[in-house]
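Right, one structure below, let's go through it.
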Amino acid sequence: MALLEAASIGEAEKCIELIRSGVPWNTVIDGKTCGQVALENGHIDLYNQLVEEGVRTEYVLKMLGHGFKDDREETYEKPKVVNQEYLQSSLVFKEGKLLDEHKNGVMMGWETPLMAIHTRIIAPTEGLRILNVGFGLGIIDEMIQATNPSQHTIIEAHPDVYQKMLQDGWDKKPNVKILYGRWQDVQDQLELYDGIFFDTFGEYYDDLKEFHDIVPNILDQDGIYSYFNGLAGNNRFFHDVGCRMSEIDLNECMMTVEYETVQMDTLGDDVWEDVRRPYFSLDFYRAPIVRFQS
């Protein structure tokens, strides 16, 4: 493919020309993208240009009313599952794993160290007002409870997870308020929070952006917002494009984005046993730190 060939030898003008003439920026040949090829051959400047070109292309498509096509939607999130289909499916709770009926990983225990980072980001001190969107296995909520929050609101939409929360007594924990339903349907019950974390399943990038848009209305002026950054978690190039899009969308909400980047150990086959397919294989993880602009 001409695009990957041009990327391999660092021909920036040719790459941009091909993409703007209609060659998909996210073309994959033999498991590789133009961005990966450029990076592997040491063309760092070209790689950065290709990331920006991918972002530009996605926004052009959006302006034309196409939004993200199906294959692109699958690029940015965990395994592609329609939200309503997910909410109507039966879930399986296994040790360190929460799976849907198709064996897609909804949440897994390997995320625990990442949840510790997110907790430190959104709840740096005790006694704060915290909102978590998406309970899953409750990993981050256990950590939030350890910070003695003055208010701990949890939104959970799946009936199986909600019932498990009640069985485990989450409705009786101090200062915990459970909002059962999709976050889109309980917005009128949200208040003002010092820290917000977002990690849902069965939604796409547009849903994340929609949540970005309401954050300024529910985050205290000195508060911090973060979200699980699994955007294209199996592809560095797609991940970088997804991150840049998220940064731009948050900037439009008058918010700044920084990252706490940590190196990831290789997740072996045993971690993904009984799971349909891995949803994260990058050797680093960027935990977003989102604040209001000064």
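Residue numbers start at 1 in each chain; chains themselves are named A, B, ... in the order of the structure tokens; ligands are numbered from 1 in the order shown.
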Original post:
Counting only C-alpha atoms, what is within 10 Å of Ala6 in chain A, bar same-chain residues fewer than 3 positions away, as a list in words?
Top reply: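 Those residues are Met1, Ala2, Leu3, Ile9, Gly10, Glu11, Ala12, Glu13, Lys14, Cys15, Ile16, Leu18, Cys34, Val37 and Ala38 of chain A.
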Write to file, as a CSV table (one decimal), in the first residue's frame, the residues of the selection just made, with N, CA and C atoms.
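What landed in out_19.csv:
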chain,number,residue,atom,x,y,z
A,1,MET,N,0.9,-1.2,0.0
A,1,MET,CA,0.0,0.0,0.0
A,1,MET,C,0.9,1.2,0.0
A,2,ALA,N,0.5,2.2,-0.9
A,2,ALA,CA,1.4,3.4,-1.0
A,2,ALA,C,1.5,4.2,0.2
A,3,LEU,N,0.5,4.3,1.1
A,3,LEU,CA,0.5,5.1,2.3
A,3,LEU,C,1.6,4.5,3.2
A,9,ILE,N,9.5,5.4,4.5
A,9,ILE,CA,10.7,6.2,4.1
A,9,ILE,C,10.6,7.6,4.5
A,10,GLY,N,9.6,8.0,5.3
A,10,GLY,CA,9.5,9.3,5.8
A,10,GLY,C,9.0,10.4,4.9
A,11,GLU,N,8.3,10.0,3.8
A,11,GLU,CA,7.8,11.0,2.9
A,11,GLU,C,6.5,11.6,3.4
A,12,ALA,N,6.7,12.7,4.2
A,12,ALA,CA,5.5,13.3,4.8
A,12,ALA,C,4.5,13.9,3.8
A,13,GLU,N,5.0,14.6,2.8
A,13,GLU,CA,4.1,15.2,1.9
A,13,GLU,C,3.3,14.2,1.1
A,14,LYS,N,3.9,13.1,0.8
A,14,LYS,CA,3.2,12.0,0.1
A,14,LYS,C,2.1,11.4,1.0
A,15,CYS,N,2.4,11.2,2.2
A,15,CYS,CA,1.5,10.6,3.2
A,15,CYS,C,0.2,11.5,3.3
A,16,ILE,N,0.5,12.8,3.5
A,16,ILE,CA,-0.6,13.7,3.7
A,16,ILE,C,-1.5,13.8,2.4
A,18,LEU,N,-1.9,11.5,0.2
A,18,LEU,CA,-2.7,10.3,0.0
A,18,LEU,C,-3.9,10.3,0.9
A,34,CYS,N,0.0,3.2,9.1
A,34,CYS,CA,1.1,4.1,8.6
A,34,CYS,C,1.8,4.7,9.8
A,37,VAL,N,4.3,2.2,11.2
A,37,VAL,CA,5.5,2.1,10.2
A,37,VAL,C,6.4,3.3,10.4
A,38,ALA,N,5.8,4.5,10.4
A,38,ALA,CA,6.7,5.7,10.6
A,38,ALA,C,7.5,5.6,11.9
**OP:** Report the residues of range 126-227 of chain A whose backbone DSSP state falls under strand (DSSP E), written as a PyMOL selection string.
**Re:** chain A and resi 129-133+151-156+176-180+193-198+219-227
Original post:
Using only C-alpha atoms, which of the listed residues (A:Ile144, A:Val28, A:Val55, A:Met165) sits closest to Glu247 in chain A?
Top reply: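 The closest residue to Glu247 in chain A is A:Val55.
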Original post:
When distances are computed from only C-alpha atoms, which of A:Gly242, A:Lys164, A:Asn217, A:Asn132 shows the smallest separation from Asp188 in chain A?
Top reply: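 For Asp188 in chain A, the nearest of the given residues is A:Asn217.
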**OP:** Considering only C-alpha atoms, return as a PyMOL selection string whatever protein or nucleic-acid residues lie within 10 Å of Asp160 in chain A, sequence-local ones (same chain, fewer than 3 positions apart) excluded.
**Re:** chain A and resi 87-93+136+156-157+163-165
Would you save the residues from that selection as a CSV table (one decimal), in the first residue's frame, using all heavy atoms?
chain,number,residue,atom,x,y,z
A,87,LEU,N,-26.8,-3.8,28.4
A,87,LEU,CA,-27.7,-3.7,29.7
A,87,LEU,C,-28.7,-4.8,29.8
A,87,LEU,O,-29.2,-5.1,30.9
A,87,LEU,CB,-28.3,-2.3,29.7
A,87,LEU,CG,-27.4,-1.1,29.8
A,87,LEU,CD1,-28.2,0.2,29.8
A,87,LEU,CD2,-26.5,-1.2,31.0
A,88,GLN,N,-29.1,-5.4,28.7
A,88,GLN,CA,-30.0,-6.5,28.7
A,88,GLN,C,-29.4,-7.9,28.8
A,88,GLN,O,-30.1,-8.9,28.9
A,88,GLN,CB,-30.9,-6.4,27.4
A,88,GLN,CG,-31.8,-5.2,27.4
A,88,GLN,CD,-32.4,-4.9,26.0
A,88,GLN,OE1,-32.4,-5.8,25.1
A,88,GLN,NE2,-33.1,-3.8,25.9
A,89,SER,N,-28.1,-7.9,28.7
A,89,SER,CA,-27.3,-9.2,28.8
A,89,SER,C,-27.1,-9.6,30.2
A,89,SER,O,-27.1,-8.8,31.1
A,89,SER,CB,-26.0,-9.1,28.0
A,89,SER,OG,-25.1,-8.2,28.7
A,90,SER,N,-26.8,-10.9,30.4
A,90,SER,CA,-26.5,-11.4,31.7
A,90,SER,C,-25.0,-11.3,31.9
A,90,SER,O,-24.2,-11.6,31.0
A,90,SER,CB,-26.9,-12.9,31.8
A,90,SER,OG,-28.3,-13.0,31.7
A,91,LEU,N,-24.5,-11.0,33.1
A,91,LEU,CA,-23.1,-10.8,33.4
A,91,LEU,C,-22.6,-12.0,34.2
A,91,LEU,O,-23.4,-12.6,34.9
A,91,LEU,CB,-22.8,-9.5,34.1
A,91,LEU,CG,-23.2,-8.2,33.4
A,91,LEU,CD1,-22.8,-7.0,34.2
A,91,LEU,CD2,-22.7,-8.2,32.0
A,92,VAL,N,-21.3,-12.3,34.1
A,92,VAL,CA,-20.7,-13.3,34.8
A,92,VAL,C,-19.6,-12.7,35.7
A,92,VAL,O,-18.7,-12.0,35.2
A,92,VAL,CB,-20.0,-14.4,33.9
A,92,VAL,CG1,-19.3,-15.4,34.7
A,92,VAL,CG2,-21.1,-15.0,33.0
A,93,PHE,N,-19.8,-12.9,37.0
A,93,PHE,CA,-18.8,-12.5,38.0
A,93,PHE,C,-17.8,-13.6,38.3
A,93,PHE,O,-18.2,-14.7,38.8
A,93,PHE,CB,-19.4,-12.0,39.3
A,93,PHE,CG,-20.2,-10.7,39.1
A,93,PHE,CD1,-21.5,-10.8,38.7
A,93,PHE,CD2,-19.7,-9.5,39.4
A,93,PHE,CE1,-22.3,-9.6,38.6
A,93,PHE,CE2,-20.4,-8.3,39.3
A,93,PHE,CZ,-21.7,-8.4,38.9
A,136,GLY,N,-18.9,-1.5,37.9
A,136,GLY,CA,-18.1,-2.7,37.5
A,136,GLY,C,-17.9,-3.6,38.6
A,136,GLY,O,-18.8,-4.2,39.3
A,156,GLU,N,-24.6,3.4,38.3
A,156,GLU,CA,-24.5,2.1,37.7
A,156,GLU,C,-25.8,1.7,36.9
A,156,GLU,O,-26.9,1.9,37.4
A,156,GLU,CB,-24.2,1.0,38.7
A,156,GLU,CG,-24.2,-0.4,38.2
A,156,GLU,CD,-23.2,-0.6,37.0
A,156,GLU,OE1,-22.0,-0.2,37.2
A,156,GLU,OE2,-23.6,-1.1,35.9
A,157,ALA,N,-25.6,1.3,35.7
A,157,ALA,CA,-26.8,1.1,34.8
A,157,ALA,C,-27.2,-0.4,34.6
A,157,ALA,O,-28.3,-0.7,34.3
A,157,ALA,CB,-26.5,1.7,33.4
A,163,GLN,N,-27.7,-5.2,41.4
A,163,GLN,CA,-28.1,-6.2,42.4
A,163,GLN,C,-26.9,-6.7,43.3
A,163,GLN,O,-27.0,-6.9,44.5
A,163,GLN,CB,-28.8,-7.4,41.8
A,163,GLN,CG,-30.2,-7.1,41.2
A,163,GLN,CD,-31.1,-6.6,42.3
A,163,GLN,OE1,-31.2,-7.1,43.4
A,163,GLN,NE2,-31.9,-5.5,42.0
A,164,LYS,N,-25.8,-6.9,42.6
A,164,LYS,CA,-24.6,-7.3,43.4
A,164,LYS,C,-24.2,-6.2,44.4
A,164,LYS,O,-23.7,-6.5,45.5
A,164,LYS,CB,-23.4,-7.5,42.4
A,164,LYS,CG,-22.1,-8.0,43.0
A,164,LYS,CD,-22.2,-9.5,43.4
A,164,LYS,CE,-20.9,-10.1,43.7
A,164,LYS,NZ,-20.0,-9.5,44.6
A,165,MET,N,-24.3,-4.9,44.0
A,165,MET,CA,-24.0,-3.8,44.9
A,165,MET,C,-24.9,-3.9,46.1
A,165,MET,O,-24.4,-3.7,47.3
A,165,MET,CB,-24.2,-2.5,44.2
A,165,MET,CG,-23.2,-2.2,43.0
A,165,MET,SD,-23.6,-0.6,42.2
A,165,MET,CE,-23.1,0.6,43.4
Subject >> In range 132-264 of chain A, DSSP alpha helix (DSSP H) residues written as a ChimeraX atom specification >> reply: /A:139-145,159-167,205-218,236-252
**OP:** Excluding Glu52 in chain A and residues on its chain fewer than 2 positions from it, collect all residues at most 12 Å away from it, counting only C-alpha atoms, and give them as a VMD selection string.
**Re:** chain A and resid 16 19 25 35 45 to 50 54 to 59 237 to 238 240 to 245 248
Selected residues, N, CA and C atoms, written as a PDB file, in the first residue's frame, please.
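Written file, out-v8.pdb:
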ATOM      1  N   ILE A  16       0.481  12.790   3.524  1.00  0.00           N
ATOM      2  CA  ILE A  16      -0.630  13.732   3.702  1.00  0.00           C
ATOM      3  C   ILE A  16      -1.459  13.811   2.421  1.00  0.00           C
ATOM      4  N   ILE A  19      -3.696  10.697   2.168  1.00  0.00           N
ATOM      5  CA  ILE A  19      -4.811  10.721   3.115  1.00  0.00           C
ATOM      6  C   ILE A  19      -5.868  11.729   2.675  1.00  0.00           C
ATOM      7  N   TRP A  25      -6.822   7.160   6.880  1.00  0.00           N
ATOM      8  CA  TRP A  25      -5.657   7.341   7.734  1.00  0.00           C
ATOM      9  C   TRP A  25      -5.426   6.122   8.623  1.00  0.00           C
ATOM     10  N   GLY A  35       1.109   5.024  10.876  1.00  0.00           N
ATOM     11  CA  GLY A  35       1.758   5.602  12.045  1.00  0.00           C
ATOM     12  C   GLY A  35       2.775   4.652  12.655  1.00  0.00           C
ATOM     13  N   ASP A  45       8.783  12.954  13.657  1.00  0.00           N
ATOM     14  CA  ASP A  45       8.025  14.132  13.210  1.00  0.00           C
ATOM     15  C   ASP A  45       6.876  13.715  12.303  1.00  0.00           C
ATOM     16  N   LEU A  46       7.141  12.784  11.406  1.00  0.00           N
ATOM     17  CA  LEU A  46       6.095  12.292  10.515  1.00  0.00           C
ATOM     18  C   LEU A  46       4.989  11.618  11.322  1.00  0.00           C
ATOM     19  N   TYR A  47       5.394  10.838  12.308  1.00  0.00           N
ATOM     20  CA  TYR A  47       4.395  10.158  13.157  1.00  0.00           C
ATOM     21  C   TYR A  47       3.456  11.191  13.776  1.00  0.00           C
ATOM     22  N   ASN A  48       4.021  12.253  14.327  1.00  0.00           N
ATOM     23  CA  ASN A  48       3.193  13.284  14.951  1.00  0.00           C
ATOM     24  C   ASN A  48       2.285  13.958  13.929  1.00  0.00           C
ATOM     25  N   GLN A  49       2.788  14.153  12.718  1.00  0.00           N
ATOM     26  CA  GLN A  49       1.964  14.724  11.660  1.00  0.00           C
ATOM     27  C   GLN A  49       0.804  13.799  11.308  1.00  0.00           C
ATOM     28  N   LEU A  50       1.075  12.500  11.272  1.00  0.00           N
ATOM     29  CA  LEU A  50       0.029  11.524  10.944  1.00  0.00           C
ATOM     30  C   LEU A  50      -1.042  11.470  12.024  1.00  0.00           C
ATOM     31  N   GLY A  54      -4.896  12.275  11.317  1.00  0.00           N
ATOM     32  CA  GLY A  54      -5.989  11.398  11.717  1.00  0.00           C
ATOM     33  C   GLY A  54      -7.064  12.162  12.461  1.00  0.00           C
ATOM     34  N   VAL A  55      -6.636  13.035  13.361  1.00  0.00           N
ATOM     35  CA  VAL A  55      -7.577  13.864  14.113  1.00  0.00           C
ATOM     36  C   VAL A  55      -8.352  14.777  13.169  1.00  0.00           C
ATOM     37  N   ARG A  56      -7.617  15.446  12.250  1.00  0.00           N
ATOM     38  CA  ARG A  56      -8.263  16.355  11.301  1.00  0.00           C
ATOM     39  C   ARG A  56      -9.320  15.625  10.475  1.00  0.00           C
ATOM     40  N   THR A  57      -8.964  14.422  10.000  1.00  0.00           N
ATOM     41  CA  THR A  57      -9.888  13.656   9.169  1.00  0.00           C
ATOM     42  C   THR A  57     -11.157  13.308   9.927  1.00  0.00           C
ATOM     43  N   GLU A  58     -11.015  12.888  11.190  1.00  0.00           N
ATOM     44  CA  GLU A  58     -12.185  12.520  11.982  1.00  0.00           C
ATOM     45  C   GLU A  58     -13.097  13.719  12.196  1.00  0.00           C
ATOM     46  N   TYR A  59     -12.525  14.890  12.417  1.00  0.00           N
ATOM     47  CA  TYR A  59     -13.361  16.068  12.623  1.00  0.00           C
ATOM     48  C   TYR A  59     -14.019  16.524  11.328  1.00  0.00           C
ATOM     49  N   PHE A 237      -0.900   4.070  17.641  1.00  0.00           N
ATOM     50  CA  PHE A 237      -1.279   5.133  16.711  1.00  0.00           C
ATOM     51  C   PHE A 237      -2.729   5.561  16.922  1.00  0.00           C
ATOM     52  N   PHE A 238      -3.639   4.597  16.949  1.00  0.00           N
ATOM     53  CA  PHE A 238      -5.043   4.919  17.162  1.00  0.00           C
ATOM     54  C   PHE A 238      -5.246   5.551  18.549  1.00  0.00           C
ATOM     55  N   ASP A 240      -3.111   7.402  20.246  1.00  0.00           N
ATOM     56  CA  ASP A 240      -2.652   8.790  20.238  1.00  0.00           C
ATOM     57  C   ASP A 240      -3.667   9.705  19.554  1.00  0.00           C
ATOM     58  N   VAL A 241      -4.285   9.207  18.483  1.00  0.00           N
ATOM     59  CA  VAL A 241      -5.328   9.989  17.817  1.00  0.00           C
ATOM     60  C   VAL A 241      -6.514  10.188  18.758  1.00  0.00           C
ATOM     61  N   GLY A 242      -6.933   9.112  19.423  1.00  0.00           N
ATOM     62  CA  GLY A 242      -8.047   9.206  20.361  1.00  0.00           C
ATOM     63  C   GLY A 242      -7.766  10.171  21.494  1.00  0.00           C
ATOM     64  N   CYS A 243      -6.558  10.137  22.020  1.00  0.00           N
ATOM     65  CA  CYS A 243      -6.186  11.047  23.109  1.00  0.00           C
ATOM     66  C   CYS A 243      -6.227  12.505  22.649  1.00  0.00           C
ATOM     67  N   ARG A 244      -5.703  12.759  21.450  1.00  0.00           N
ATOM     68  CA  ARG A 244      -5.708  14.137  20.939  1.00  0.00           C
ATOM     69  C   ARG A 244      -7.133  14.643  20.727  1.00  0.00           C
ATOM     70  N   MET A 245      -8.011  13.771  20.243  1.00  0.00           N
ATOM     71  CA  MET A 245      -9.404  14.171  20.057  1.00  0.00           C
ATOM     72  C   MET A 245     -10.044  14.514  21.393  1.00  0.00           C
ATOM     73  N   ILE A 248      -8.792  17.903  22.600  1.00  0.00           N
ATOM     74  CA  ILE A 248      -9.413  19.006  21.869  1.00  0.00           C
ATOM     75  C   ILE A 248     -10.832  19.233  22.361  1.00  0.00           C
TER      76      ILE A 248
END
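The spacing separating CA of Ser226 in chain A from CA of Asp265 in chain A amounts to 22.0 Å.
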Subject >> Contacts of Met107 in chain A at 7 Å (only C-alpha atoms; same-chain gap of 6+ positions) as a list of chain:residue names >> reply: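 Returned residues: A:Lys97, A:Leu98, A:Gly136, A:Leu137.
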Original post:
Contacts of Pro278 in chain A at 12 Å or less, counting only C-alpha atoms, minus same-chain residues fewer than 6 places along, as a list in words?
Top reply: Glu77, Lys78, Pro79, Lys103, Asn104, Gly105, Val106, Met107, Met108, Trp110, Gly230, Ala232, Gly233, Asn234, Asn235, Thr266, Leu267, Gly268, Asp269, Asp270, Val271 and Trp272 of chain A
**OP:** Using only C-alpha atoms, pick whichever of A:Ala287, A:Leu231, A:Ile140, A:Val23 has the shortest atom-to-atom distance to Ala123 in chain A.
**Re:**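 Going through A:Ala287, A:Leu231, A:Ile140, A:Val23 one by one, the smallest distance to Ala123 in chain A is for A:Ile140.
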Original post:
When you draw a straight line from CA of Thr153 in chain A to CA of Arg129 in chain A, how long is it in Å?
Top reply: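 Distance reported for this atom pair: 8.0 Å.
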Original post:
What does the distance from CA of Asp283 in chain A to CA of Ile117 in chain A come to in Å, to one decimal?
Top reply: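 Between these atoms lies a distance of 16.3 Å.
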Subject >> Selected residue of minimal separation from Ile218 in chain A among A:Leu4, A:Val257, A:Ile196, A:Val161, counting only C-alpha atoms >> reply: A:Ile196
Subject >> All residues 9 Å or closer to Ile155 in chain A, only C-alpha atoms, same chain fewer than 5 positions away omitted, as a ChimeraX atom specification >> reply: /A:131-135,177-183,186
